[in-house]
file target21.cif (mmCIF, C-alpha atoms)
data_structure
loop_
_atom_site.label_atom_id
_atom_site.label_comp_id
_atom_site.auth_asym_id
_atom_site.auth_seq_id
_atom_site.Cartn_x
_atom_site.Cartn_y
_atom_site.Cartn_z
CA MET A 1 8.22 78.05 -26.76
CA SER A 2 9.49 80.92 -28.91
CA ASN A 3 9.03 81.02 -32.66
CA ARG A 4 12.75 80.41 -33.07
CA ASP A 5 12.55 77.31 -30.90
CA ARG A 6 9.59 76.04 -32.92
CA ILE A 7 11.55 76.57 -36.17
CA VAL A 8 14.56 74.75 -34.77
CA GLU A 9 12.40 71.83 -33.68
CA ILE A 10 11.05 71.51 -37.22
CA LEU A 11 14.56 71.63 -38.65
CA LYS A 12 15.74 68.94 -36.25
CA VAL A 13 12.87 66.63 -37.19
CA VAL A 14 13.22 67.10 -40.95
CA SER A 15 17.01 66.97 -41.05
CA GLN A 16 17.14 64.16 -38.47
CA ASN A 17 20.02 66.11 -37.03
CA PRO A 18 19.84 66.74 -33.27
CA ASP A 19 22.31 69.62 -33.48
CA VAL A 20 20.96 73.14 -33.17
CA PRO A 21 22.10 75.43 -35.98
CA ASP A 22 23.41 78.85 -35.12
CA ALA A 23 20.81 81.51 -35.83
CA ASN A 24 22.75 82.96 -38.76
CA GLU A 25 24.38 79.75 -39.97
CA SER A 26 23.52 78.64 -43.51
CA LEU A 27 21.15 75.69 -43.16
CA PHE A 28 22.27 74.43 -46.56
CA ASP A 29 26.02 74.80 -46.08
CA GLY A 30 25.65 73.43 -42.57
CA GLY A 31 24.04 70.23 -43.88
CA TYR A 32 20.67 70.76 -42.20
CA LEU A 33 18.76 71.23 -45.45
CA ASP A 34 18.98 70.38 -49.13
CA SER A 35 16.66 70.84 -52.10
CA PHE A 36 14.69 67.74 -51.16
CA ALA A 37 14.25 68.73 -47.52
CA LEU A 38 13.27 72.38 -47.95
CA PRO A 39 9.75 71.61 -49.27
CA GLU A 40 9.20 69.36 -46.26
CA VAL A 41 10.29 72.16 -43.92
CA ILE A 42 7.97 74.57 -45.73
CA THR A 43 5.02 72.22 -45.29
CA ALA A 44 5.85 71.79 -41.61
CA LEU A 45 6.15 75.56 -41.14
CA GLU A 46 2.74 76.06 -42.78
CA LYS A 47 1.16 73.62 -40.36
CA GLU A 48 2.98 74.88 -37.29
CA PHE A 49 2.48 78.60 -37.90
CA GLY A 50 -0.79 78.57 -39.85
CA VAL A 51 0.68 80.42 -42.83
CA LYS A 52 0.34 79.73 -46.54
CA ILE A 53 3.72 79.77 -48.30
CA PRO A 54 3.32 79.98 -52.09
CA ASP A 55 5.41 77.76 -54.35
CA SER A 56 6.96 80.89 -55.83
CA ASP A 57 8.62 81.51 -52.45
CA LEU A 58 10.44 78.18 -52.53
CA ASN A 59 13.72 79.95 -52.81
CA PRO A 60 16.58 78.72 -50.64
CA ARG A 61 17.77 82.29 -50.10
CA LYS A 62 14.54 83.08 -48.25
CA PHE A 63 15.10 80.20 -45.85
CA GLU A 64 18.88 80.26 -45.72
CA THR A 65 19.14 80.70 -41.93
CA VAL A 66 16.95 80.36 -38.86
CA VAL A 67 16.81 84.16 -38.66
CA LYS A 68 15.64 84.41 -42.27
CA VAL A 69 12.95 81.79 -41.64
CA GLU A 70 11.85 83.77 -38.60
CA GLN A 71 11.77 87.01 -40.60
CA TYR A 72 9.80 85.37 -43.40
CA LEU A 73 7.19 84.06 -41.00
CA ASP A 74 6.92 87.44 -39.25
CA ALA A 75 6.28 89.10 -42.60
CA HIS A 76 3.72 86.53 -43.73
CA LYS A 77 1.90 85.55 -40.55
CA ALA A 78 -1.87 85.37 -40.81
CA MET B 1 -16.33 54.10 -67.83
CA THR B 2 -12.93 54.55 -69.50
CA SER B 3 -10.15 52.07 -68.92
CA VAL B 4 -6.55 51.37 -69.74
CA ALA B 5 -6.73 48.12 -71.69
CA ALA B 6 -2.99 47.45 -71.71
CA PHE B 7 0.45 48.96 -71.38
CA GLY B 8 3.52 48.28 -73.48
CA CYS B 9 7.14 49.36 -73.74
CA TRP B 10 10.27 49.17 -75.83
CA LEU B 11 13.84 49.70 -74.66
CA PRO B 12 17.05 49.84 -76.69
CA ALA B 13 19.33 46.85 -76.23
CA ARG B 14 22.41 48.87 -75.41
CA VAL B 15 22.96 49.06 -71.65
CA VAL B 16 25.12 51.95 -70.47
CA PRO B 17 26.31 51.43 -66.88
CA ASN B 18 27.56 54.24 -64.67
CA SER B 19 31.07 52.83 -65.01
CA GLU B 20 31.03 53.64 -68.74
CA LEU B 21 30.03 57.29 -68.25
CA ALA B 22 31.99 58.07 -65.10
CA PRO B 23 35.39 58.66 -66.79
CA GLN B 24 33.83 60.98 -69.39
CA LEU B 25 31.98 62.95 -66.69
CA ASP B 26 34.89 63.04 -64.23
CA CYS B 27 32.93 61.41 -61.43
CA THR B 28 32.49 57.97 -59.90
CA PRO B 29 29.76 55.39 -60.55
CA GLU B 30 29.00 55.49 -56.84
CA TRP B 31 28.40 59.24 -56.90
CA MET B 32 26.06 58.85 -59.87
CA LEU B 33 24.08 56.20 -58.03
CA GLU B 34 23.91 58.23 -54.84
CA MET B 35 22.72 61.38 -56.64
CA SER B 36 20.00 59.72 -58.68
CA GLY B 37 19.42 56.09 -57.82
CA ILE B 38 20.49 55.24 -61.38
CA ALA B 39 22.91 52.37 -61.99
CA GLU B 40 22.49 52.09 -65.74
CA ARG B 41 20.40 53.39 -68.62
CA ARG B 42 19.72 52.45 -72.23
CA TYR B 43 21.02 54.39 -75.23
CA ALA B 44 19.41 53.96 -78.63
CA SER B 45 21.51 53.35 -81.73
CA PRO B 46 21.52 55.94 -84.55
CA GLU B 47 18.88 53.88 -86.37
CA GLU B 48 16.65 53.72 -83.29
CA ASP B 49 14.99 57.13 -83.45
CA VAL B 50 11.92 58.37 -81.54
CA VAL B 51 9.57 57.01 -84.20
CA ALA B 52 11.14 53.54 -84.18
CA MET B 53 11.02 53.34 -80.40
CA ALA B 54 7.41 54.57 -80.35
CA VAL B 55 6.42 51.93 -82.89
CA GLY B 56 8.10 49.24 -80.79
CA ALA B 57 6.18 50.27 -77.66
CA ALA B 58 2.92 50.57 -79.60
CA LYS B 59 3.23 47.05 -81.00
CA ASP B 60 3.94 45.64 -77.55
CA CYS B 61 0.91 47.46 -76.13
CA LEU B 62 -1.46 46.51 -78.95
CA ASP B 63 -0.35 42.87 -78.76
CA ARG B 64 -1.17 42.83 -75.06
CA ALA B 65 -4.54 44.49 -75.72
CA ARG B 66 -5.21 42.08 -78.62
CA THR B 67 -6.09 45.09 -80.71
CA ALA B 68 -5.13 45.73 -84.32
CA PRO B 69 -3.64 49.13 -85.23
CA ALA B 70 -6.55 49.66 -87.58
CA ASP B 71 -8.93 49.57 -84.61
CA VAL B 72 -7.22 52.54 -82.92
CA ARG B 73 -9.21 55.73 -83.52
CA LEU B 74 -6.73 58.30 -82.26
CA LEU B 75 -2.97 58.30 -81.69
CA ILE B 76 -1.32 60.63 -79.17
CA VAL B 77 2.48 60.73 -79.08
CA SER B 78 4.40 62.55 -76.37
CA SER B 79 8.01 63.36 -77.15
CA ALA B 80 10.28 66.28 -76.36
CA SER B 81 13.46 64.91 -77.89
CA VAL B 82 12.58 65.00 -81.57
CA PRO B 83 15.14 66.14 -84.15
CA GLN B 84 12.94 68.62 -86.03
CA ARG B 85 10.41 71.39 -85.32
CA PHE B 86 7.66 69.77 -87.36
CA PRO B 87 6.04 67.48 -88.12
CA GLY B 88 6.15 65.73 -84.78
CA PRO B 89 6.59 61.97 -84.72
CA ALA B 90 2.90 61.05 -84.36
CA ALA B 91 2.05 60.95 -88.07
CA ALA B 92 5.12 58.87 -88.92
CA VAL B 93 4.36 56.48 -86.06
CA ALA B 94 0.79 56.07 -87.31
CA ALA B 95 2.05 55.40 -90.83
CA GLN B 96 4.54 52.77 -89.66
CA LEU B 97 1.83 51.08 -87.63
CA GLY B 98 -0.40 50.95 -90.70
CA MET B 99 -3.09 53.12 -89.15
CA GLY B 100 -4.13 54.68 -92.45
CA GLU B 101 -5.66 58.13 -91.99
CA THR B 102 -6.31 57.75 -88.29
CA PRO B 103 -5.71 61.16 -86.64
CA ALA B 104 -2.36 61.41 -84.90
CA MET B 105 -1.33 64.26 -82.62
CA ASP B 106 1.82 65.27 -80.78
CA ILE B 107 2.23 66.52 -77.22
CA PRO B 108 5.63 68.15 -76.70
CA VAL B 109 5.24 68.33 -72.93
CA ALA B 110 8.36 66.33 -71.92
CA SER B 111 8.24 64.44 -68.65
CA ALA B 112 4.55 64.96 -67.86
CA GLY B 113 3.51 64.35 -71.47
CA SER B 114 2.36 60.76 -71.06
CA LEU B 115 0.18 61.71 -68.12
CA PHE B 116 -1.34 64.59 -70.07
CA GLY B 117 -1.90 62.19 -72.99
CA LEU B 118 -3.51 59.64 -70.72
CA VAL B 119 -5.93 62.24 -69.35
CA LEU B 120 -6.74 63.47 -72.86
CA ALA B 121 -7.34 59.90 -73.99
CA SER B 122 -9.64 59.20 -71.07
CA LYS B 123 -11.84 62.14 -72.06
CA LEU B 124 -11.76 61.48 -75.81
CA ALA B 125 -12.05 57.68 -75.95
CA PRO B 126 -15.81 57.58 -75.17
CA SER B 127 -16.49 59.60 -78.31
CA THR B 128 -13.65 58.63 -80.66
CA GLY B 129 -13.09 54.99 -79.79
CA PRO B 130 -9.77 53.45 -78.65
CA VAL B 131 -6.93 55.93 -78.14
CA LEU B 132 -3.29 54.84 -78.21
CA VAL B 133 -0.97 56.99 -76.07
CA ILE B 134 2.78 56.75 -76.53
CA GLY B 135 5.69 58.42 -74.77
CA ALA B 136 8.95 58.05 -76.68
CA GLU B 137 12.22 59.79 -75.98
CA LYS B 138 15.78 59.76 -77.22
CA MET B 139 17.20 61.75 -74.34
CA SER B 140 20.74 60.63 -75.13
CA SER B 141 20.55 63.14 -78.00
CA ALA B 142 19.86 65.94 -75.51
CA ILE B 143 22.90 65.53 -73.28
CA VAL B 144 26.61 66.25 -73.48
CA LEU B 145 29.01 63.73 -71.96
CA GLU B 146 31.43 66.26 -70.52
CA PRO B 147 32.20 67.00 -66.86
CA ALA B 148 30.54 70.43 -66.95
CA TYR B 149 27.21 68.79 -67.75
CA LYS B 150 27.41 65.80 -65.43
CA ALA B 151 24.51 66.88 -63.18
CA THR B 152 22.10 66.33 -66.05
CA SER B 153 24.01 63.86 -68.20
CA ILE B 154 23.97 61.14 -65.53
CA LEU B 155 20.18 61.17 -65.45
CA PHE B 156 18.82 60.44 -68.88
CA GLY B 157 18.17 57.37 -71.00
CA ASP B 158 16.17 56.35 -74.05
CA GLY B 159 13.01 54.30 -74.43
CA ALA B 160 9.30 54.28 -75.14
CA GLY B 161 6.10 53.32 -73.36
CA ALA B 162 2.50 53.05 -74.50
CA CYS B 163 -1.02 52.45 -73.28
CA LEU B 164 -4.36 51.83 -74.96
CA VAL B 165 -7.33 53.69 -73.50
CA ARG B 166 -10.88 52.75 -74.39
CA GLU B 167 -14.47 52.82 -73.20
CA GLY B 168 -15.49 49.74 -71.22
CA PRO B 169 -13.70 47.41 -68.84
CA GLY B 170 -9.96 46.85 -68.98
CA LEU B 171 -6.88 46.54 -66.83
CA LEU B 172 -7.41 49.78 -64.90
CA ARG B 173 -10.52 51.96 -64.70
CA ILE B 174 -9.70 55.67 -64.80
CA VAL B 175 -11.37 57.42 -61.88
CA ASP B 176 -10.10 60.99 -61.65
CA TRP B 177 -7.18 63.23 -62.48
CA GLN B 178 -5.58 66.53 -61.56
CA LEU B 179 -3.28 68.44 -63.90
CA GLY B 180 -1.40 71.70 -63.45
CA SER B 181 0.99 73.99 -65.30
CA ASP B 182 3.04 76.99 -64.20
CA GLY B 183 4.99 78.83 -66.87
CA ALA B 184 6.75 80.99 -64.30
CA PHE B 185 9.31 78.19 -64.16
CA ALA B 186 9.60 77.61 -67.92
CA ALA B 187 13.27 78.56 -67.99
CA ASP B 188 14.20 76.14 -65.20
CA LEU B 189 14.02 73.03 -67.40
CA ARG B 190 14.23 73.22 -71.15
CA LEU B 191 15.79 71.79 -74.25
CA PRO B 192 16.72 74.62 -76.63
CA LEU B 193 16.78 74.08 -80.38
CA THR B 194 20.56 74.00 -80.20
CA GLY B 195 22.58 72.83 -77.28
CA PRO B 196 21.96 70.34 -74.48
CA ILE B 197 19.17 70.18 -71.94
CA GLU B 198 19.28 72.98 -69.35
CA MET B 199 18.07 72.29 -65.84
CA ASN B 200 17.92 74.25 -62.62
CA GLY B 201 18.02 71.09 -60.55
CA ARG B 202 17.29 72.78 -57.26
CA SER B 203 14.17 74.48 -58.60
CA VAL B 204 12.95 71.29 -60.29
CA ILE B 205 13.38 69.23 -57.14
CA MET B 206 11.79 71.78 -54.83
CA GLN B 207 8.78 72.40 -57.06
CA ALA B 208 8.29 68.73 -57.86
CA SER B 209 8.51 67.86 -54.18
CA ARG B 210 5.61 70.21 -53.49
CA LYS B 211 3.44 69.97 -56.59
CA MET B 212 3.34 66.20 -57.12
CA PRO B 213 2.28 65.29 -53.57
CA ARG B 214 -0.32 68.03 -53.71
CA ALA B 215 -1.80 66.66 -56.96
CA ILE B 216 -1.75 63.11 -55.60
CA ASN B 217 -3.40 64.17 -52.35
CA GLU B 218 -6.06 66.08 -54.29
CA VAL B 219 -7.20 63.12 -56.41
CA LEU B 220 -7.06 60.79 -53.40
CA LYS B 221 -9.04 63.22 -51.27
CA ARG B 222 -11.75 63.65 -53.92
CA ALA B 223 -12.10 59.87 -54.18
CA GLY B 224 -12.00 59.39 -50.41
CA VAL B 225 -8.99 57.08 -50.69
CA PRO B 226 -6.31 57.27 -47.98
CA ALA B 227 -2.77 57.14 -49.35
CA SER B 228 -2.19 54.04 -47.24
CA ASP B 229 -4.87 52.21 -49.26
CA VAL B 230 -3.21 52.82 -52.64
CA ALA B 231 -1.86 49.53 -53.96
CA ALA B 232 0.73 51.12 -56.23
CA PHE B 233 2.06 54.55 -57.10
CA ILE B 234 3.48 54.71 -60.61
CA MET B 235 5.46 57.88 -61.20
CA HIS B 236 7.57 59.54 -63.81
CA GLN B 237 10.97 58.07 -63.03
CA ALA B 238 12.89 61.31 -62.55
CA ASN B 239 15.16 60.61 -59.61
CA GLN B 240 14.92 57.96 -56.88
CA ASN B 241 15.56 60.53 -54.17
CA LEU B 242 12.61 62.58 -55.44
CA MET B 243 10.32 59.56 -55.49
CA ASP B 244 11.30 58.76 -51.90
CA ARG B 245 10.45 62.34 -50.89
CA VAL B 246 7.08 62.18 -52.60
CA ALA B 247 6.32 58.91 -50.81
CA LYS B 248 7.16 60.53 -47.50
CA ALA B 249 5.09 63.61 -48.31
CA VAL B 250 1.93 61.63 -49.16
CA GLY B 251 2.45 59.26 -46.24
CA ALA B 252 2.74 56.01 -48.17
CA PRO B 253 5.43 53.35 -47.87
CA THR B 254 8.20 53.77 -50.45
CA GLU B 255 7.74 50.09 -51.37
CA ARG B 256 4.39 51.02 -52.93
CA PHE B 257 6.17 53.33 -55.38
CA TYR B 258 7.11 51.24 -58.38
CA THR B 259 10.65 52.00 -59.46
CA ASN B 260 12.85 50.95 -62.35
CA ILE B 261 14.97 54.09 -62.56
CA ASN B 262 18.05 52.14 -61.48
CA ARG B 263 17.91 50.25 -64.79
CA TYR B 264 16.62 52.83 -67.27
CA GLY B 265 17.40 56.27 -65.84
CA ASN B 266 15.08 59.17 -66.58
CA THR B 267 13.43 58.60 -69.97
CA SER B 268 11.31 61.77 -69.71
CA SER B 269 7.76 61.25 -70.98
CA ALA B 270 8.41 57.58 -71.73
CA SER B 271 9.22 56.67 -68.15
CA LEU B 272 5.68 56.70 -66.71
CA LEU B 273 4.41 54.23 -69.29
CA ILE B 274 7.54 52.06 -69.24
CA ALA B 275 7.14 51.79 -65.47
CA ALA B 276 3.42 51.04 -65.85
CA ALA B 277 4.12 48.34 -68.44
CA GLU B 278 6.63 46.60 -66.21
CA TRP B 279 4.42 46.96 -63.17
CA ALA B 280 1.46 45.46 -65.04
CA CYS B 281 3.58 42.48 -66.06
CA GLN B 282 4.78 41.85 -62.52
CA THR B 283 1.62 42.55 -60.53
CA THR B 284 -1.99 41.46 -60.38
CA PRO B 285 -3.71 43.98 -58.12
CA ALA B 286 -6.90 42.99 -56.35
CA PRO B 287 -10.10 44.13 -58.09
CA GLY B 288 -10.91 47.66 -56.98
CA ALA B 289 -7.39 48.34 -55.69
CA PRO B 290 -6.47 52.00 -56.19
CA VAL B 291 -3.46 52.76 -58.41
CA CYS B 292 -2.12 56.30 -58.60
CA PHE B 293 -0.04 57.79 -61.42
CA ALA B 294 1.93 61.03 -61.12
CA ALA B 295 4.38 63.05 -63.18
CA PHE B 296 6.23 66.35 -63.16
CA GLY B 297 8.41 68.01 -65.72
CA ALA B 298 9.39 70.93 -67.90
CA GLY B 299 6.93 73.78 -68.13
CA PHE B 300 6.43 73.14 -65.30
CA HIS B 301 3.64 70.68 -66.03
CA TRP B 302 2.55 68.10 -63.49
CA GLY B 303 -0.37 66.01 -62.35
CA ALA B 304 -1.79 62.84 -60.90
CA LEU B 305 -4.32 60.30 -62.07
CA LEU B 306 -6.24 57.81 -59.97
CA ALA B 307 -7.37 54.47 -61.37
CA THR B 308 -8.72 51.27 -59.88
CA ALA B 309 -7.85 47.72 -60.85
CA GLU B 310 -10.57 45.71 -62.59
#

call {"tool": "encode", "arguments": {"input": "target21.cif", "output": "C-alpha cells"}}
result
Amino acid sequence: MSNRDRIVEILKVVSQNPDVPDANESLFDGGYLDSFALPEVITALEKEFGVKIPDSDLNPRKFETVVKVEQYLDAHKA
Amino acid sequence: MTSVAAFGCWLPARVVPNSELAPQLDCTPEWMLEMSGIAERRYASPEEDVVAMAVGAAKDCLDRARTAPADVRLLIVSSASVPQRFPGPAAAVAAQLGMGETPAMDIPVASAGSLFGLVLASKLAPSTGPVLVIGAEKMSSAIVLEPAYKATSILFGDGAGACLVREGPGLLRIVDWQLGSDGAFAADLRLPLTGPIEMNGRSVIMQASRKMPRAINEVLKRAGVPASDVAAFIMHQANQNLMDRVAKAVGAPTERFYTNINRYGNTSSASLLIAAAEWACQTTPAPGAPVCFAAFGAGFHWGALLATAE
C-alpha cells in the first residue's frame, strides 16, 4: 500500500466518510476534516508512519490536502 | 494524604436560553446548540459580581465540608473576568467570608485556573492547613451580543465553583497531577483590558484536543489506571463537541464525562468546580474509584489531576 493510500485510509476512518478525496482537494472544504478531527488524524498519522508531529505544526494549512499531508510526512519521516 | 473535603457552587438565577440570544446574534437556537452543546446559560445581575458569586460558592462548599471560614488557612481565587487590574477578588472574598487576615491569593489563569488552584492547594494544604479554592467568572461582561461576535458570544455564562482541600481523608484523595503551559499560543485566546474576548477557535480546539488527552493519559499511565477504569471524568466545560473528542481520544465512554454545559455554558475557570459540585451531589463513587479532572484554556494552560474516591 502506498503512503497516499495509507493517508486516505486514515482520513476515511476519522471522517467516517467512505469517499476518497481528490489528491489536491481541500480536506476541510470537502467536509473530510474539521478542527476537531485534525488532531485525531495527526495522532493516527504518528502511529501509522512512526513520526512525531509537534503541536506547533497543528496548522490546517499544512494538512489541507492529501498531497500536503504526503509532503509533510516525507519531510518529517524518521 | 491530601483530599478534597467538599465541592460547592453558586449560579445566578437568570437563565438565558439560546432563543433569547439568537435574534441578537443573527443565528438560530439550533445552530448554537449544534456548535457548542449549549442550550442555555446563566447571566449574573449587575449586583452579582465576581466577588459575590465567589462568596456564594464558598459558603456552599464550606457548609458541605462542615468547616467554618475561620478554619480555612489559605484562600485561592481563580478569575479572569474581573473589572480591575488590582487587587484581584481574593482579598475581598476573604473579607466577606469573615476570614480575618487569612492569606488570599489570585490566579488569573482563566479556564484552567481552578485546576491550577487545586494542584497548588494539594501541595500547600499539608503545611498551611485547609485551603479553599474558588473559580468565579462573570463572562457575560466579556462578550458582545452582536452578530460579528457570535462564535464566542454563544459560549459563555456566569457562575462560581469551590472546593476545600485539606490533609487527611475526605471525598476524593488527590493522587497525581500533570500541568502544562505554552505561551506560543497566548494570542489565540485572550481578554484585553478593553474590548471583548478574542478567540482563535480553530487553534483552541486543535490544541485542546491534543493537550488534554495527553495530560490525562500521562496521569493515568503513571498511576497504572486504564482509562476504561476511570469512574468519572470531570472537565472544564468548554464545548460539548470538544469533550466528546477528548473522550474518544482517551478511549473512555462519553457517558463517563460529566457534563452540564447544556445548562450553564462555558463559565471559564468556574466550570470545573461547578461540574464537580453537581457530580458530587449526584454520585457516590465506590471507594477507590478513580476520578480524573482536566482543563484547558487561555495561555495556553492545561492539565489533568487524578483522584480516588474515599

call {"tool": "residues_around", "arguments": {"input": "target21.cif", "residues": "Gly161 of chain B", "least_positions_apart": "5", "cutoff": "8 Å", "atoms": "only C-alpha atoms", "output": "list in words"}}
result
Phe7, Gly8, Cys9, Trp10, Ala54, Ala57, Ala58, Ile134, Gly135, Ala136, Ala270, Ser271, Leu272, Leu273, Ile274 and Ala277 of chain B

call {"tool": "interface_residues", "arguments": {"input": "target21.cif", "of": "chain B", "to": "chain A", "cutoff": "8 Å", "atoms": "all atoms listed in the file", "output": "list in words"}}
result
Arg202, Ser203, Ile205, Met206, Gln207, Ser209, Arg210, Asn241, Leu242, Arg245 and Ala249 of chain B

call {"tool": "write_last_selection", "arguments": {"input": "target21.cif", "atoms": "C-alpha atoms", "output": "CSV table (one decimal), keeping the file's coordinate frame"}}
result
chain,number,residue,atom,x,y,z
B,202,ARG,CA,17.3,72.8,-57.3
B,203,SER,CA,14.2,74.5,-58.6
B,205,ILE,CA,13.4,69.2,-57.1
B,206,MET,CA,11.8,71.8,-54.8
B,207,GLN,CA,8.8,72.4,-57.1
B,209,SER,CA,8.5,67.9,-54.2
B,210,ARG,CA,5.6,70.2,-53.5
B,241,ASN,CA,15.6,60.5,-54.2
B,242,LEU,CA,12.6,62.6,-55.4
B,245,ARG,CA,10.4,62.3,-50.9
B,249,ALA,CA,5.1,63.6,-48.3

call {"tool": "atom_distance", "arguments": {"input": "target21.cif", "atom1": "atom CA of Lys221 of chain B", "atom2": "atom CA of Ser111 of chain B"}}
result
24.5 Å

call {"tool": "residues_around", "arguments": {"input": "target21.cif", "residues": "Thr152 of chain B", "least_positions_apart": "5", "cutoff": "9 Å", "atoms": "only C-alpha atoms", "output": "mmCIF file with C-alpha atoms, in the frame of the given file"}}
result
data_model
loop_
_atom_site.group_PDB
_atom_site.id
_atom_site.type_symbol
_atom_site.label_atom_id
_atom_site.label_comp_id
_atom_site.auth_asym_id
_atom_site.auth_seq_id
_atom_site.Cartn_x
_atom_site.Cartn_y
_atom_site.Cartn_z
ATOM 1 C CA ILE B 143 22.900 65.530 -73.280
ATOM 2 C CA VAL B 144 26.610 66.250 -73.480
ATOM 3 C CA ILE B 197 19.170 70.180 -71.940
ATOM 4 C CA GLU B 198 19.280 72.980 -69.350
ATOM 5 C CA MET B 199 18.070 72.290 -65.840
ATOM 6 C CA GLY B 201 18.020 71.090 -60.550
#

call {"tool": "residues_around", "arguments": {"input": "target21.cif", "residues": "Asp22 of chain A", "least_positions_apart": "6", "cutoff": "12 Å", "atoms": "all atoms listed in the file", "output": "list in words"}}
result
Arg4, Asp5, Val8, Leu11, Asp29, Gly30, Tyr32, Glu64, Thr65, Val66, Val67 and Lys68 of chain A

call {"tool": "write_last_selection", "arguments": {"input": "target21.cif", "atoms": "C-alpha atoms", "output": "CSV table (one decimal), in the coordinates of the input"}}
result
chain,number,residue,atom,x,y,z
A,4,ARG,CA,12.8,80.4,-33.1
A,5,ASP,CA,12.6,77.3,-30.9
A,8,VAL,CA,14.6,74.8,-34.8
A,11,LEU,CA,14.6,71.6,-38.6
A,29,ASP,CA,26.0,74.8,-46.1
A,30,GLY,CA,25.6,73.4,-42.6
A,32,TYR,CA,20.7,70.8,-42.2
A,64,GLU,CA,18.9,80.3,-45.7
A,65,THR,CA,19.1,80.7,-41.9
A,66,VAL,CA,17.0,80.4,-38.9
A,67,VAL,CA,16.8,84.2,-38.7
A,68,LYS,CA,15.6,84.4,-42.3

call {"tool": "resolve_selection", "arguments": {"input": "target21.cif", "expression": "the PyMOL selection byres ((chain B and resi 308) around 10)", "output": "PDB file with C-alpha atoms, keeping the file's coordinate frame"}}
result
ATOM      1  CA  SER B   3     -10.150  52.070 -68.920  1.00  0.00           C
ATOM      2  CA  LEU B 171      -6.880  46.540 -66.830  1.00  0.00           C
ATOM      3  CA  LEU B 172      -7.410  49.780 -64.900  1.00  0.00           C
ATOM      4  CA  ARG B 173     -10.520  51.960 -64.700  1.00  0.00           C
ATOM      5  CA  ILE B 174      -9.700  55.670 -64.800  1.00  0.00           C
ATOM      6  CA  VAL B 175     -11.370  57.420 -61.880  1.00  0.00           C
ATOM      7  CA  ASP B 176     -10.100  60.990 -61.650  1.00  0.00           C
ATOM      8  CA  VAL B 230      -3.210  52.820 -52.640  1.00  0.00           C
ATOM      9  CA  ALA B 231      -1.860  49.530 -53.960  1.00  0.00           C
ATOM     10  CA  PRO B 285      -3.710  43.980 -58.120  1.00  0.00           C
ATOM     11  CA  ALA B 286      -6.900  42.990 -56.350  1.00  0.00           C
ATOM     12  CA  PRO B 287     -10.100  44.130 -58.090  1.00  0.00           C
ATOM     13  CA  GLY B 288     -10.910  47.660 -56.980  1.00  0.00           C
ATOM     14  CA  ALA B 289      -7.390  48.340 -55.690  1.00  0.00           C
ATOM     15  CA  PRO B 290      -6.470  52.000 -56.190  1.00  0.00           C
ATOM     16  CA  VAL B 291      -3.460  52.760 -58.410  1.00  0.00           C
ATOM     17  CA  CYS B 292      -2.120  56.300 -58.600  1.00  0.00           C
ATOM     18  CA  LEU B 306      -6.240  57.810 -59.970  1.00  0.00           C
ATOM     19  CA  ALA B 307      -7.370  54.470 -61.370  1.00  0.00           C
ATOM     20  CA  ALA B 309      -7.850  47.720 -60.850  1.00  0.00           C
ATOM     21  CA  GLU B 310     -10.570  45.710 -62.590  1.00  0.00           C
TER      22      GLU B 310
END

call {"tool": "atom_distance", "arguments": {"input": "target21.cif", "atom1": "atom CA of Arg66 of chain B", "atom2": "atom CA of Ala44 of chain B"}}
result
27.3 Å

call {"tool": "closest_residue", "arguments": {"input": "target21.cif", "among": "B:Pro46, B:Ala68, B:Asn239, B:Gln24", "to": "Asn260 of chain B", "atoms": "only C-alpha atoms"}}
result
B:Asn239

call {"tool": "build_atoms", "arguments": {"input": "target21.cif", "residues": "segment 45-56 of chain A", "atoms": "N, CA and C atoms", "output": "mmCIF file, in the frame of the given file"}}
result
data_model
loop_
_atom_site.group_PDB
_atom_site.id
_atom_site.type_symbol
_atom_site.label_atom_id
_atom_site.label_comp_id
_atom_site.auth_asym_id
_atom_site.auth_seq_id
_atom_site.Cartn_x
_atom_site.Cartn_y
_atom_site.Cartn_z
ATOM 1 N N LEU A 45 6.314 74.177 -41.622
ATOM 2 C CA LEU A 45 6.150 75.560 -41.140
ATOM 3 C C LEU A 45 4.714 76.028 -41.362
ATOM 4 N N GLU A 46 4.139 75.661 -42.507
ATOM 5 C CA GLU A 46 2.740 76.060 -42.780
ATOM 6 C C GLU A 46 1.801 75.502 -41.719
ATOM 7 N N LYS A 47 2.030 74.250 -41.361
ATOM 8 C CA LYS A 47 1.160 73.620 -40.360
ATOM 9 C C LYS A 47 1.388 74.235 -38.980
ATOM 10 N N GLU A 48 2.648 74.416 -38.626
ATOM 11 C CA GLU A 48 2.980 74.880 -37.290
ATOM 12 C C GLU A 48 2.549 76.325 -37.051
ATOM 13 N N PHE A 49 2.721 77.162 -38.094
ATOM 14 C CA PHE A 49 2.480 78.600 -37.900
ATOM 15 C C PHE A 49 1.198 79.078 -38.565
ATOM 16 N N GLY A 50 0.481 78.193 -39.248
ATOM 17 C CA GLY A 50 -0.790 78.570 -39.850
ATOM 18 C C GLY A 50 -0.636 79.579 -40.974
ATOM 19 N N VAL A 51 0.455 79.492 -41.704
ATOM 20 C CA VAL A 51 0.680 80.420 -42.830
ATOM 21 C C VAL A 51 0.615 79.635 -44.133
ATOM 22 N N LYS A 52 0.332 80.345 -45.226
ATOM 23 C CA LYS A 52 0.340 79.730 -46.540
ATOM 24 C C LYS A 52 1.565 80.255 -47.283
ATOM 25 N N ILE A 53 2.495 79.380 -47.606
ATOM 26 C CA ILE A 53 3.720 79.770 -48.300
ATOM 27 C C ILE A 53 3.591 79.363 -49.757
ATOM 28 N N PRO A 54 3.507 80.332 -50.677
ATOM 29 C CA PRO A 54 3.320 79.980 -52.090
ATOM 30 C C PRO A 54 4.537 79.293 -52.677
ATOM 31 N N ASP A 55 4.308 78.477 -53.710
ATOM 32 C CA ASP A 55 5.410 77.760 -54.350
ATOM 33 C C ASP A 55 6.457 78.728 -54.898
ATOM 34 N N SER A 56 6.015 79.920 -55.276
ATOM 35 C CA SER A 56 6.960 80.890 -55.830
ATOM 36 C C SER A 56 7.972 81.365 -54.789
#
